[in-house]
Amino acid sequence: MTYDPARVGTAVVAYQGAPAAFSHQALRELFPQARPLPCPTFDEALSAIKDGRADFGVIPIENTLAGRVADIHQLLPGANLYIVGEYFLRIRHQLLAPRGATLAGLKTVHSHQMALAQCRKFWLEHHLTPVVHDDTAGAARDVAAWGDPSVAAIASSLAADVYGLDTVAANIEDAEHNTTRFIILSRERDDPAPGVPAITTFVFRVRNVPAALYKAMGGFATNGINMTKLESYQINGSFTATQFYADIEGHPDDRSVRLAFEELAFFSTDVKILGSYPAHPFRKREGGV
């Protein structure tokens, strides 16, 4: 199925987490008519797309406060899926607790590790003990089931409605710019039309020679390609096997990008394009493409 938010209709879209997770919220904003498919892990969400149970997936990849989302960079290269779009969601965290609970009576707060990291100042200030859950909505669901007025969850306002919890404190994230970038995944590559501002995501490993990374990146500089992200991470449990993840502005068919990739390939052992897709309007508001 071709990716187009205006024409997706009732497609099945996978996400990681329980109903009312922030991924679910992003999915609802992107695909109001889609059928959500909640999955307990990122691995299972990707598998649902690969085996055809889902047409697309909406997966968080990075956050302005907590950085990259764990596991995704490791899972994407071997998933045999393509990034066909991106979406930026402003994250507003709510402190949720059973009906009648008060902030003064709370002792512990449950949530996903990313949400806890994004609200660290709040739970430290109020002397709450953080407890890590698989996802924010799952934490809210469990807190509702326990009914303990000393136990709270950090989750979305959607979670408060779905699980019948009170909002004890609203918008408790550490910074107003708290935003999560999501990627839309598909089994089929679906590049943007010519002339549409594009982002291209790829992974690569450099050759084991001096200054290989510097030389591999040189082609992007000399050809005027803006690299918006470059990250490294270890693979196969080795301290010497490093893979790089990168985002650039432009499409592989652009002459300048093609020349940059030719130079990258010369100094790399493996280059894999994970997708080329339209740049979200959020980038332009932030001064990008």
# chains A, B, ... in the order shown; residues from 1 in each chain; ligands from 1
call {"tool": "select_by_dssp", "arguments": {"residues": "segment 64-177 of chain A", "states": "helix (DSSP H, G or I)", "output": "VMD selection string"}}
result
chain A and resid 72 to 79 103 to 105 113 to 118 120 to 125 136 to 146 157 to 163
call {"tool": "select_by_dssp", "arguments": {"residues": "segment 56-225 of chain A", "states": "strand (DSSP E or B)", "output": "ChimeraX atom specification"}}
result
/A:56-63,67-68,82-90,94-97,108-112,129-133,151-155,166-169,179-186,198-206
call {"tool": "residues_around", "arguments": {"residues": "Ser276 of chain A", "least_positions_apart": "2", "cutoff": "6 Å", "atoms": "only C-alpha atoms", "output": "list in words"}}
result
Asp191, Ile199 and Thr200 of chain A
call {"tool": "closest_atom_pairs", "arguments": {"of": "segment 96-143 of chain A", "to": "segment 16-24 of chain A", "cutoff": "7 Å", "atoms": "only C-alpha atoms", "output": "JSON lines"}}
result
{"residue": "A:Asp135", "atom": "CA", "partner": "A:Gly17", "partner_atom": "CA", "distance": 5.6}
{"residue": "A:Thr136", "atom": "CA", "partner": "A:Ala21", "partner_atom": "CA", "distance": 5.8}
{"residue": "A:Ala137", "atom": "CA", "partner": "A:Ala21", "partner_atom": "CA", "distance": 4.6}
{"residue": "A:Gly138", "atom": "CA", "partner": "A:Ala18", "partner_atom": "CA", "distance": 5.4}
call {"tool": "residues_around", "arguments": {"residues": "Phe122 of chain A", "least_positions_apart": "4", "cutoff": "8 Å", "atoms": "only C-alpha atoms", "output": "list in words"}}
result
His126, Ile172, Glu173 and Asp174 of chain A
call {"tool": "closest_residue", "arguments": {"among": "A:Tyr82, A:Tyr87, A:Phe282, A:Phe42", "to": "Arg28 of chain A", "atoms": "only C-alpha atoms"}}
result
A:Tyr87
call {"tool": "closest_residue", "arguments": {"among": "A:Arg255, A:His177, A:Lys121, A:His112", "to": "Ile91 of chain A", "atoms": "only C-alpha atoms"}}
result
A:His177
call {"tool": "residues_around", "arguments": {"residues": "segment 259-263 of chain A", "least_positions_apart": "5", "cutoff": "7 Å", "atoms": "only C-alpha atoms", "output": "ChimeraX atom specification"}}
result
/A:216,219-220,223
call {"tool": "residues_around", "arguments": {"residues": "Val209 of chain A", "least_positions_apart": "3", "cutoff": "10 Å", "atoms": "only C-alpha atoms", "output": "ChimeraX atom specification"}}
result
/A:206,212-213,267-268
call {"tool": "closest_residue", "arguments": {"among": "A:Leu95, A:Leu230, A:Ala139, A:Ala101", "to": "Gln113 of chain A", "atoms": "only C-alpha atoms"}}
result
A:Ala139
